file my_file38.cif (mmCIF, C-alpha atoms)
data_my_file
#
loop_
_atom_site.label_atom_id
_atom_site.label_comp_id
_atom_site.auth_asym_id
_atom_site.auth_seq_id
_atom_site.Cartn_x
_atom_site.Cartn_y
_atom_site.Cartn_z
CA MET P 1 5.42 93.00 -12.24
CA MET P 2 4.67 90.51 -9.54
CA PRO P 3 0.90 90.97 -9.69
CA ALA P 4 0.97 90.56 -13.45
CA SER P 5 3.06 87.45 -13.25
CA SER P 6 0.84 86.04 -10.55
CA THR P 7 -2.19 86.76 -12.66
CA MET P 8 -0.63 85.07 -15.64
CA SER P 9 0.37 82.09 -13.54
CA LYS P 10 -3.17 81.82 -12.26
CA GLU P 11 -4.61 82.00 -15.76
CA SER P 12 -2.11 79.40 -16.97
CA ALA P 13 -2.90 77.27 -13.97
CA THR P 14 -6.57 77.68 -14.72
CA SER P 15 -6.02 76.69 -18.33
CA TYR P 16 -3.97 73.73 -17.23
CA ASP P 17 -6.62 72.69 -14.75
CA MET P 18 -9.37 72.90 -17.40
CA ALA P 19 -7.27 70.80 -19.72
CA GLU P 20 -7.36 68.03 -17.17
CA PHE P 21 -11.13 67.92 -17.27
CA ASP P 22 -13.16 66.58 -20.12
CA GLN P 23 -16.42 68.29 -20.93
CA SER P 24 -18.01 64.97 -21.86
CA ALA P 25 -16.90 63.50 -18.53
CA ILE P 26 -18.62 66.35 -16.69
CA PHE P 27 -21.90 65.76 -18.53
CA LEU P 28 -21.55 62.01 -18.01
CA TYR P 29 -21.16 62.65 -14.31
CA LEU P 30 -24.30 64.80 -14.32
CA ASP P 31 -26.17 62.05 -16.22
CA GLY P 32 -24.97 59.48 -13.67
CA HIS P 33 -26.13 61.70 -10.85
CA ASP P 34 -29.58 61.95 -12.49
CA GLN P 35 -29.67 58.18 -13.07
CA GLU P 36 -29.47 57.55 -9.37
CA GLN P 37 -32.84 59.31 -9.07
CA ARG P 38 -34.45 57.61 -12.11
CA GLN P 39 -33.34 54.10 -11.01
CA THR P 40 -32.56 53.11 -14.58
CA LEU P 41 -31.86 49.38 -15.11
CA ASN P 42 -28.25 48.80 -16.12
CA ILE P 43 -28.26 45.87 -18.54
CA PHE P 44 -24.59 46.06 -19.53
CA PRO P 45 -21.83 44.24 -17.59
CA SER P 46 -19.33 46.46 -15.73
CA GLN P 47 -15.95 46.77 -17.37
CA PRO P 48 -13.22 49.44 -17.37
CA MET P 49 -13.89 52.34 -19.69
CA HIS P 50 -10.97 53.93 -21.51
CA VAL P 51 -11.73 57.58 -21.71
CA ALA P 52 -9.96 59.56 -24.36
CA GLU P 53 -7.52 62.32 -23.52
CA PRO P 54 -9.30 65.30 -21.97
CA ILE P 55 -10.03 68.25 -24.18
CA PRO P 56 -9.96 71.71 -22.67
CA ALA P 57 -13.40 73.10 -22.16
CA LYS P 58 -14.36 76.56 -23.22
CA GLY P 59 -16.51 78.83 -21.14
CA VAL P 60 -16.26 76.71 -17.97
CA SER P 61 -14.65 78.28 -14.90
CA MET P 62 -12.92 76.63 -12.01
CA GLY P 63 -15.67 77.74 -9.70
CA MET P 64 -18.20 75.71 -11.64
CA VAL P 65 -15.91 72.67 -11.61
CA ALA P 66 -15.29 73.03 -7.87
CA ALA P 67 -19.03 73.19 -7.27
CA MET P 68 -19.55 70.01 -9.27
CA LEU P 69 -16.98 67.96 -7.35
CA PRO P 70 -18.31 66.31 -4.22
CA ASN P 71 -15.36 67.20 -1.97
CA GLY P 72 -15.19 70.82 -3.06
CA ASN P 73 -11.61 70.43 -4.33
CA SER P 74 -10.91 72.28 -7.52
CA SER P 75 -7.84 70.24 -8.44
CA PRO P 76 -8.50 67.15 -10.54
CA PRO P 77 -7.14 63.75 -9.55
CA LYS P 78 -3.61 63.21 -10.79
CA ARG P 79 -2.95 60.32 -13.15
CA GLN P 80 -0.51 57.58 -12.36
CA ASP P 81 3.03 58.46 -13.41
CA GLN P 82 5.42 56.26 -15.32
CA GLY P 83 7.01 54.84 -12.16
CA GLY P 84 3.67 53.30 -11.11
CA GLN P 85 3.36 55.55 -7.96
CA ARG P 86 -0.07 56.95 -7.21
CA SER P 87 -0.44 60.39 -5.62
CA PRO P 88 -1.91 60.40 -2.13
CA ALA P 89 -4.19 63.29 -3.05
CA VAL P 90 -6.39 61.09 -5.28
CA PRO P 91 -10.06 61.57 -4.31
CA PRO P 92 -12.18 58.56 -3.34
CA PRO P 93 -13.76 56.73 -6.32
CA ALA P 94 -17.26 56.68 -4.85
CA PRO P 95 -18.58 59.81 -6.59
CA THR P 96 -17.39 58.56 -10.01
CA VAL P 97 -19.05 55.09 -9.93
CA ALA P 98 -21.84 56.17 -12.30
CA LEU P 99 -19.38 57.32 -14.94
CA PRO P 100 -18.75 53.89 -16.58
CA ASN P 101 -22.46 53.02 -16.72
CA SER P 102 -23.48 56.21 -18.46
CA ALA P 103 -20.51 55.98 -20.75
CA LYS P 104 -21.37 52.39 -21.61
CA GLU P 105 -24.97 53.35 -22.32
CA THR P 106 -23.82 56.16 -24.54
CA LYS P 107 -21.36 53.91 -26.33
CA SER P 108 -23.87 51.11 -26.73
CA SER P 109 -26.48 53.51 -28.10
CA LEU P 110 -23.96 54.86 -30.58
CA THR P 111 -22.97 51.30 -31.55
CA LYS P 112 -26.61 50.33 -32.09
CA LYS P 113 -27.19 53.38 -34.22
CA GLU P 114 -24.15 52.58 -36.33
CA ALA P 115 -25.19 48.95 -36.71
CA THR P 116 -28.71 49.97 -37.64
CA SER P 117 -27.55 52.55 -40.12
CA GLY P 118 -24.84 50.29 -41.58
CA GLY P 119 -26.25 46.72 -41.52
CA LYS P 120 -29.91 47.49 -42.10
CA GLY P 121 -29.69 50.20 -44.62
CA ALA P 122 -31.72 48.24 -47.19
CA THR P 123 -34.42 47.42 -44.64
CA SER P 124 -34.78 51.00 -43.50
CA GLY P 125 -34.91 52.06 -47.11
CA ASP P 126 -37.65 49.50 -47.81
CA GLN P 127 -39.56 50.65 -44.77
CA GLU P 128 -39.32 54.23 -45.95
CA ARG P 129 -40.54 53.18 -49.37
CA VAL P 130 -43.40 51.15 -47.85
CA ARG P 131 -44.37 54.05 -45.66
CA ASP P 132 -44.66 56.23 -48.71
CA PRO P 133 -48.37 57.11 -49.14
CA LYS P 134 -48.24 56.61 -52.89
CA THR P 135 -46.69 53.17 -52.49
CA LEU P 136 -49.22 52.16 -49.85
CA ARG P 137 -52.07 53.36 -52.03
CA ARG P 138 -50.68 51.48 -55.02
CA LEU P 139 -50.29 48.28 -53.01
CA ALA P 140 -53.84 48.58 -51.71
CA GLN P 141 -55.11 49.10 -55.25
CA ASN P 142 -53.19 46.04 -56.44
CA ARG P 143 -54.63 43.88 -53.66
CA GLU P 144 -58.14 45.06 -54.39
CA ALA P 145 -57.68 44.41 -58.12
CA ALA P 146 -56.37 40.90 -57.42
CA ARG P 147 -59.33 40.18 -55.13
CA LYS P 148 -61.81 41.37 -57.75
CA SER P 149 -60.05 39.30 -60.39
CA ARG P 150 -60.35 36.17 -58.26
CA LEU P 151 -64.03 36.85 -57.67
CA ARG P 152 -64.65 37.38 -61.39
CA LYS P 153 -62.81 34.17 -62.21
CA LYS P 154 -64.83 32.21 -59.66
CA ALA P 155 -68.11 33.66 -60.94
CA TYR P 156 -67.09 32.91 -64.53
CA ILE P 157 -66.32 29.28 -63.66
CA GLN P 158 -69.65 28.92 -61.89
CA GLN P 159 -71.43 30.45 -64.85
CA LEU P 160 -69.70 28.04 -67.22
CA GLU P 161 -70.68 25.08 -65.05
CA THR P 162 -74.28 26.27 -64.84
CA SER P 163 -74.39 26.83 -68.58
CA ARG P 164 -72.96 23.38 -69.21
CA ILE P 165 -75.59 21.73 -67.01
CA ARG P 166 -78.35 23.78 -68.60
CA LEU P 167 -77.10 22.93 -72.09
CA SER P 168 -77.02 19.24 -71.23
CA GLN P 169 -80.58 19.43 -69.95
CA LEU P 170 -81.72 21.24 -73.08
CA GLU P 171 -80.03 18.64 -75.28
CA GLN P 172 -81.81 15.87 -73.41
CA GLN P 173 -85.14 17.66 -73.68
CA VAL P 174 -84.70 18.28 -77.39
CA HIS P 175 -83.62 14.70 -77.92
CA VAL P 176 -86.62 13.32 -76.03
CA ALA P 177 -88.96 15.66 -77.89
CA ARG P 178 -87.48 14.58 -81.22
CA VAL P 179 -87.85 10.92 -80.33
CA GLN P 180 -91.41 11.41 -79.16
CA GLY P 181 -92.16 13.28 -82.34
CA VAL P 182 -90.84 10.39 -84.38
CA PHE P 183 -92.85 7.94 -82.30
CA LEU P 184 -96.04 9.93 -82.73
CA GLY P 185 -95.44 10.43 -86.45
CA THR P 186 -95.03 14.22 -86.18
CA GLY P 187 -91.26 14.41 -86.41
CA GLU P 188 -89.75 16.21 -89.37
CA GLN P 189 -86.52 14.98 -90.91
CA PRO P 190 -85.80 17.34 -93.81
CA SER P 191 -82.30 16.02 -94.36
CA PHE P 192 -83.50 12.45 -94.96
CA PRO P 193 -85.81 11.32 -97.71
CA SER P 194 -87.73 9.11 -95.26
CA ALA P 195 -87.90 9.28 -91.47
CA PRO P 196 -86.83 6.19 -89.50
CA SER P 197 -89.56 4.11 -87.96
CA PRO P 198 -90.34 4.43 -84.25
CA ALA P 199 -89.07 0.89 -83.66
CA VAL P 200 -85.64 1.72 -85.10
CA VAL P 201 -85.41 4.92 -83.07
CA PHE P 202 -86.38 3.08 -79.90
CA ASP P 203 -83.78 0.37 -80.47
CA MET P 204 -81.06 2.98 -80.98
CA GLU P 205 -82.11 4.95 -77.91
CA TYR P 206 -82.24 1.84 -75.77
CA GLY P 207 -78.71 0.92 -76.83
CA ARG P 208 -77.52 4.40 -75.90
CA TRP P 209 -79.29 4.15 -72.55
CA VAL P 210 -77.65 0.82 -71.77
CA GLU P 211 -74.21 2.29 -72.48
CA GLU P 212 -74.74 5.39 -70.31
CA HIS P 213 -76.28 3.35 -67.49
CA SER P 214 -73.31 0.97 -67.52
CA LYS P 215 -70.91 3.92 -67.13
CA LEU P 216 -72.88 5.30 -64.20
CA ILE P 217 -73.03 1.90 -62.48
CA PHE P 218 -69.26 1.55 -62.94
CA GLN P 219 -68.75 4.86 -61.12
CA LEU P 220 -71.23 3.86 -58.42
CA ARG P 221 -69.43 0.57 -57.83
CA ALA P 222 -66.08 2.36 -57.57
CA THR P 223 -67.57 4.78 -55.04
CA LEU P 224 -68.85 1.87 -52.97
CA ASN P 225 -65.46 0.19 -52.99
CA GLU P 226 -63.71 3.38 -51.88
CA HIS P 227 -66.05 3.73 -48.87
CA LEU P 228 -66.80 7.37 -49.55
CA ALA P 229 -69.36 9.49 -47.74
CA ASP P 230 -73.09 8.89 -48.16
CA GLU P 231 -73.52 12.31 -49.77
CA GLN P 232 -71.44 11.25 -52.77
CA LEU P 233 -73.25 7.91 -52.97
CA GLN P 234 -76.59 9.70 -52.89
CA GLY P 235 -75.65 11.66 -56.00
CA PHE P 236 -74.92 8.48 -57.97
CA VAL P 237 -78.09 6.79 -56.67
CA ASN P 238 -80.16 9.78 -57.75
CA GLY P 239 -78.48 9.61 -61.15
CA ALA P 240 -79.38 5.93 -61.52
CA MET P 241 -82.98 6.66 -60.55
CA ALA P 242 -83.13 9.47 -63.10
CA GLN P 243 -81.86 7.13 -65.82
CA HIS P 244 -84.60 4.60 -64.99
CA GLU P 245 -87.11 7.44 -65.24
CA GLU P 246 -85.72 8.30 -68.67
CA LEU P 247 -86.08 4.69 -69.84
CA LEU P 248 -89.68 4.52 -68.61
CA ASN P 249 -90.54 7.73 -70.50
CA LEU P 250 -88.93 6.30 -73.62
CA LYS P 251 -90.91 3.08 -73.29
CA GLY P 252 -94.12 5.02 -72.69
CA ALA P 253 -93.63 6.88 -75.97
CA MET P 254 -92.88 3.59 -77.70
CA ALA P 255 -96.01 1.98 -76.24
CA ARG P 256 -98.14 4.75 -77.73
CA ALA P 257 -96.40 4.40 -81.08
CA ASP P 258 -96.09 0.60 -81.39
CA VAL P 259 -97.09 -1.51 -78.42
CA PHE P 260 -96.39 -4.76 -80.25
CA HIS P 261 -92.74 -3.88 -80.73
CA LEU P 262 -92.43 -3.17 -77.03
CA LEU P 263 -94.22 -6.34 -75.95
CA SER P 264 -92.30 -8.56 -78.35
CA GLY P 265 -88.98 -7.61 -76.78
CA VAL P 266 -86.97 -7.66 -80.00
CA TRP P 267 -85.12 -4.60 -78.72
CA ALA P 268 -83.66 -6.66 -75.86
CA SER P 269 -81.20 -9.53 -75.89
CA PRO P 270 -82.58 -13.10 -76.25
CA ALA P 271 -81.95 -13.95 -72.59
CA GLU P 272 -83.63 -10.74 -71.44
CA ARG P 273 -86.55 -11.48 -73.72
CA CYS P 274 -87.27 -14.69 -71.85
CA PHE P 275 -87.75 -12.79 -68.58
CA LEU P 276 -89.73 -9.82 -69.91
CA TRP P 277 -93.03 -8.97 -68.29
CA LEU P 278 -95.27 -6.53 -70.15
CA GLY P 279 -92.36 -4.88 -71.92
CA GLY P 280 -89.95 -4.73 -68.99
CA PHE P 281 -88.63 -6.40 -65.85
CA ARG P 282 -90.91 -7.98 -63.29
CA PRO P 283 -90.88 -5.88 -60.07
CA SER P 284 -91.18 -8.88 -57.75
CA GLU P 285 -88.12 -10.47 -59.38
CA VAL P 286 -86.11 -7.29 -58.79
CA ILE P 287 -87.03 -7.40 -55.10
CA LYS P 288 -85.72 -10.96 -54.87
CA VAL P 289 -82.45 -9.94 -56.54
CA MET P 290 -82.10 -6.98 -54.20
CA LEU P 291 -82.53 -9.08 -51.05
CA LYS P 292 -79.42 -11.10 -51.91
CA HIS P 293 -77.12 -8.06 -51.93
CA VAL P 294 -78.27 -5.55 -49.28
CA GLU P 295 -78.05 -7.63 -46.12
CA PRO P 296 -78.13 -7.09 -43.19
CA LEU P 297 -81.55 -5.46 -42.87
CA SER P 298 -83.29 -4.16 -39.79
CA GLU P 299 -86.64 -5.52 -38.65
CA GLY P 300 -88.42 -2.42 -39.89
CA GLN P 301 -86.79 -2.74 -43.30
CA ILE P 302 -87.65 -6.42 -43.55
CA LEU P 303 -91.27 -5.70 -42.69
CA GLY P 304 -91.45 -2.86 -45.20
CA ILE P 305 -89.91 -4.96 -47.98
CA TYR P 306 -92.23 -7.86 -47.19
CA ASN P 307 -95.32 -5.62 -47.43
CA LEU P 308 -94.00 -4.11 -50.65
CA GLN P 309 -93.41 -7.52 -52.14
CA GLN P 310 -96.94 -8.68 -51.28
CA SER P 311 -98.57 -5.61 -52.80
CA VAL P 312 -96.39 -5.84 -55.91
CA GLN P 313 -97.25 -9.49 -56.45
CA GLU P 314 -100.96 -8.72 -56.08
CA ARG P 315 -100.81 -5.97 -58.68
CA GLU P 316 -98.77 -8.20 -60.99
CA GLU P 317 -101.44 -10.88 -60.78
CA ALA P 318 -104.16 -8.34 -61.48
CA LEU P 319 -102.35 -7.04 -64.55
CA ASN P 320 -101.69 -10.58 -65.73
CA HIS P 321 -105.38 -11.45 -65.54
CA SER P 322 -106.35 -8.25 -67.32
CA MET P 323 -103.78 -8.84 -70.03
CA GLU P 324 -104.83 -12.42 -70.53
CA ALA P 325 -108.47 -11.40 -70.73
CA THR P 326 -107.64 -8.72 -73.31
CA GLN P 327 -105.61 -11.15 -75.37
CA GLN P 328 -108.44 -13.69 -75.24
CA SER P 329 -110.95 -11.03 -76.28
CA ILE P 330 -108.79 -9.98 -79.22
CA SER P 331 -108.41 -13.61 -80.22
CA ASP P 332 -112.17 -14.16 -80.07
CA THR P 333 -112.82 -11.05 -82.12
CA ILE P 334 -110.34 -12.04 -84.80
CA ALA P 335 -111.59 -15.64 -84.85
CA ALA P 336 -115.27 -14.75 -85.08
CA PRO P 337 -117.01 -16.97 -87.73
CA ASP P 338 -119.00 -15.77 -90.64
CA VAL P 339 -117.39 -12.36 -90.91
CA ALA P 340 -118.89 -10.74 -93.97
CA PRO P 341 -116.78 -8.41 -96.07
CA ALA P 342 -119.06 -5.58 -95.13
CA THR P 343 -118.48 -6.18 -91.41
CA PHE P 344 -114.78 -6.98 -91.66
CA MET P 345 -113.60 -3.48 -90.98
CA GLY P 346 -115.95 -3.29 -88.03
CA HIS P 347 -114.39 -6.38 -86.49
CA MET P 348 -110.91 -4.96 -87.09
CA SER P 349 -111.88 -1.68 -85.53
CA LEU P 350 -113.14 -3.53 -82.44
CA ALA P 351 -109.93 -5.51 -82.25
CA MET P 352 -107.85 -2.34 -82.55
CA ASN P 353 -109.69 -0.79 -79.63
CA LYS P 354 -108.83 -3.82 -77.53
CA VAL P 355 -105.19 -3.53 -78.60
CA ALA P 356 -105.25 0.09 -77.41
CA SER P 357 -106.27 -1.24 -73.99
CA MET P 358 -103.09 -3.32 -74.01
CA GLU P 359 -101.17 -0.04 -74.22
CA GLY P 360 -102.79 0.97 -70.95
CA PHE P 361 -101.66 -2.27 -69.31
CA VAL P 362 -98.08 -1.67 -70.39
CA MET P 363 -98.22 1.85 -68.96
CA GLN P 364 -99.57 0.47 -65.66
CA ALA P 365 -96.76 -2.08 -65.57
CA ASP P 366 -94.18 0.68 -66.08
CA GLY P 367 -95.81 2.66 -63.30
CA LEU P 368 -95.53 -0.36 -60.99
CA ARG P 369 -91.83 -0.69 -61.83
CA GLN P 370 -91.27 2.98 -61.06
CA GLN P 371 -93.15 2.79 -57.75
CA THR P 372 -91.20 -0.31 -56.72
CA LEU P 373 -87.85 1.39 -57.28
CA HIS P 374 -88.92 4.51 -55.40
CA LYS P 375 -90.27 2.55 -52.42
CA LEU P 376 -87.09 0.48 -52.24
CA HIS P 377 -85.06 3.67 -52.29
CA HIS P 378 -87.20 5.00 -49.44
CA ILE P 379 -86.90 1.86 -47.31
CA LEU P 380 -83.18 1.24 -47.77
CA THR P 381 -80.30 3.37 -46.56
CA THR P 382 -78.14 5.27 -49.02
CA ARG P 383 -75.45 2.60 -49.12
CA GLN P 384 -78.03 -0.20 -49.39
CA ALA P 385 -79.82 1.63 -52.20
CA ALA P 386 -76.49 1.95 -54.02
CA ARG P 387 -75.92 -1.81 -53.69
CA CYS P 388 -79.48 -2.38 -54.93
CA MET P 389 -78.87 -0.34 -58.08
CA VAL P 390 -75.60 -2.15 -58.72
CA ALA P 391 -77.26 -5.56 -58.21
CA ILE P 392 -80.10 -4.78 -60.64
CA ALA P 393 -77.67 -3.52 -63.27
CA ASP P 394 -75.44 -6.57 -62.85
CA TYR P 395 -78.44 -8.87 -63.20
CA PHE P 396 -79.41 -7.53 -66.63
CA HIS P 397 -75.78 -7.23 -67.69
CA ARG P 398 -75.26 -10.92 -67.00
CA LEU P 399 -78.39 -11.75 -69.00
CA ARG P 400 -76.97 -9.85 -71.96
CA ALA P 401 -73.61 -11.57 -71.50
CA LEU P 402 -75.38 -14.94 -71.43
CA SER P 403 -77.06 -14.11 -74.74
CA THR P 404 -73.73 -13.16 -76.31
CA LEU P 405 -72.04 -16.34 -75.10
CA TRP P 406 -74.94 -18.45 -76.29
CA VAL P 407 -74.86 -16.99 -79.77
CA ALA P 408 -71.07 -17.36 -79.97
CA ARG P 409 -71.00 -20.93 -78.65
CA PRO P 410 -69.30 -23.56 -80.86
CA ARG P 411 -71.79 -25.57 -82.89
CA HIS P 412 -71.39 -29.22 -83.88
CA GLU P 413 -72.53 -30.15 -87.37
CA ASP P 414 -74.79 -33.13 -87.84
CA GLY P 415 -72.78 -34.44 -90.77
CA PRO P 416 -69.79 -36.70 -90.47
CA VAL P 417 -66.52 -35.09 -89.49
CA LEU P 418 -63.86 -35.56 -92.16
#
call {"tool": "encode", "arguments": {"input": "my_file38.cif", "output": "structure tokens"}}
result
Amino acid sequence: MMPASSTMSKESATSYDMAEFDQSAIFLYLDGHDQEQRQTLNIFPSQPMHVAEPIPAKGVSMGMVAAMLPNGNSSPPKRQDQGGQRSPAVPPPAPTVALPNSAKETKSSLTKKEATSGGKGATSGDQERVRDPKTLRRLAQNREAARKSRLRKKAYIQQLETSRIRLSQLEQQVHVARVQGVFLGTGEQPSFPSAPSPAVVFDMEYGRWVEEHSKLIFQLRATLNEHLADEQLQGFVNGAMAQHEELLNLKGAMARADVFHLLSGVWASPAERCFLWLGGFRPSEVIKVMLKHVEPLSEGQILGIYNLQQSVQEREEALNHSMEATQQSISDTIAAPDVAPATFMGHMSLAMNKVASMEGFVMQADGLRQQTLHKLHHILTTRQAARCMVAIADYFHRLRALSTLWVARPRHEDGPVL
């Protein structure tokens, strides 16, 4: 019976000894022993670890435990009793230094996993949804559709702008063609019993031109006051030049239709009429007006403007002499004595041919005006050219204002005041 009892006592002792060891503590010790070789950085502060009560391990013998311990002792260290006395057989703590670090790493990893699974559940779910191939494909399709929609919208806006500009150009071309047709006597007005005369059409078109030119000059003046870039000023200057070109074309058609109406100046205000030269402004006078508003000028600009002014004055004198000679010739033809009734129509035909030459002089004068504006634009800078256009427009605007004020002035009657 003694061997049996001793065997049972050994088995119970073995069971008791295995109860003192925790399986997790054994693996933590092995992990700590491996960490010493890996030289893993310990980023957690050292603090006492409270290990739970040991759970008996299954399938682990005392021989294995004794081999794991550094001192070869199979008995585990005894815990401190209630009286606070520590057993003298406690092994040195040196072999178990790595236990808290590995335990802390395990605990911190578990804590991070719990925090990630608990606090960021929605984010992980969103990431899983985003990583879904169908969702990614759908998002890519949506982005591509939005990009194509923006491109189509941009192209549509550009097409509308191009169509608007083209339509405006076509309207202007049709309008000019209609006016020229009326001037030349080939225009058809089916909705009216009688077509308006070329003089009436020219007066209406000139009034429209004055209104549009005033709007453009207002914008050009505002751009000058805001000190914007020269590129924006250049656009307004080109617009003003184009409007002068339009007026010259209109006057050319009127000269071919009725040169007397153009030379008389009844389409202009009374003050403008006093300063007309061959159906328009005098180029040399415009140069004088310009010089008062575009200073300072460089030496090259002054020399170029001086040469331009000399050549313009010479051509003005030549046209004046030619016009005076033509007028004198017409007067002599009309005033010829002893004109028989049979030769009357011959004299009138000769006078009409000389009047047709006056049309050529008016066209040459308009060409001189056009060349003067273009040469000034070439000599001056963009900002100076803008000031030049504003100065010319203001000059004629003040002439029209002077006419209005003169007509509306208070008049004193010659009779006695009662």
call {"tool": "closest_residue", "arguments": {"input": "my_file38.cif", "among": "P:Ala155, P:Met290, P:Met389, P:Met204", "to": "P:Gly239", "atoms": "all atoms listed in the file"}}
result
P:Met389
call {"tool": "atom_distance", "arguments": {"input": "my_file38.cif", "atom1": "atom CA of P:Ser329", "atom2": "atom CA of P:Gln364"}}
result
19.4 Å
call {"tool": "atom_distance", "arguments": {"input": "my_file38.cif", "atom1": "atom CA of P:Ala253", "atom2": "atom CA of P:Leu368"}}
result
16.7 Å
call {"tool": "residues_around", "arguments": {"input": "my_file38.cif", "residues": "P:Ser311", "least_positions_apart": "5", "cutoff": "12 Å", "atoms": "only C-alpha atoms", "output": "list in words"}}
result
Pro283, Ser284, Ile287, Gly304, Ile305, Tyr306, Glu316, Glu317, Ala318, Leu368, Gln371, Thr372 and Lys375 of chain P
call {"tool": "resolve_selection", "arguments": {"input": "my_file38.cif", "expression": "the PyMOL selection byres ((chain P and resi 383) around 10)", "output": "MDAnalysis selection string"}}
result
chainID P and resid 224 227:231 233:234 237 294 380:382 384:388
call {"tool": "write_last_selection", "arguments": {"input": "my_file38.cif", "atoms": "C-alpha atoms", "output": "short mmCIF file (atom, residue, chain, number, x, y, z; two decimals), in the coordinates of the input"}}
result
data_model
loop_
_atom_site.label_atom_id
_atom_site.label_comp_id
_atom_site.auth_asym_id
_atom_site.auth_seq_id
_atom_site.Cartn_x
_atom_site.Cartn_y
_atom_site.Cartn_z
CA LEU P 224 -68.85 1.87 -52.97
CA HIS P 227 -66.05 3.73 -48.87
CA LEU P 228 -66.80 7.37 -49.55
CA ALA P 229 -69.36 9.49 -47.74
CA ASP P 230 -73.09 8.89 -48.16
CA GLU P 231 -73.52 12.31 -49.77
CA LEU P 233 -73.25 7.91 -52.97
CA GLN P 234 -76.59 9.70 -52.89
CA VAL P 237 -78.09 6.79 -56.67
CA VAL P 294 -78.27 -5.55 -49.28
CA LEU P 380 -83.18 1.24 -47.77
CA THR P 381 -80.30 3.37 -46.56
CA THR P 382 -78.14 5.27 -49.02
CA GLN P 384 -78.03 -0.20 -49.39
CA ALA P 385 -79.82 1.63 -52.20
CA ALA P 386 -76.49 1.95 -54.02
CA ARG P 387 -75.92 -1.81 -53.69
CA CYS P 388 -79.48 -2.38 -54.93
#
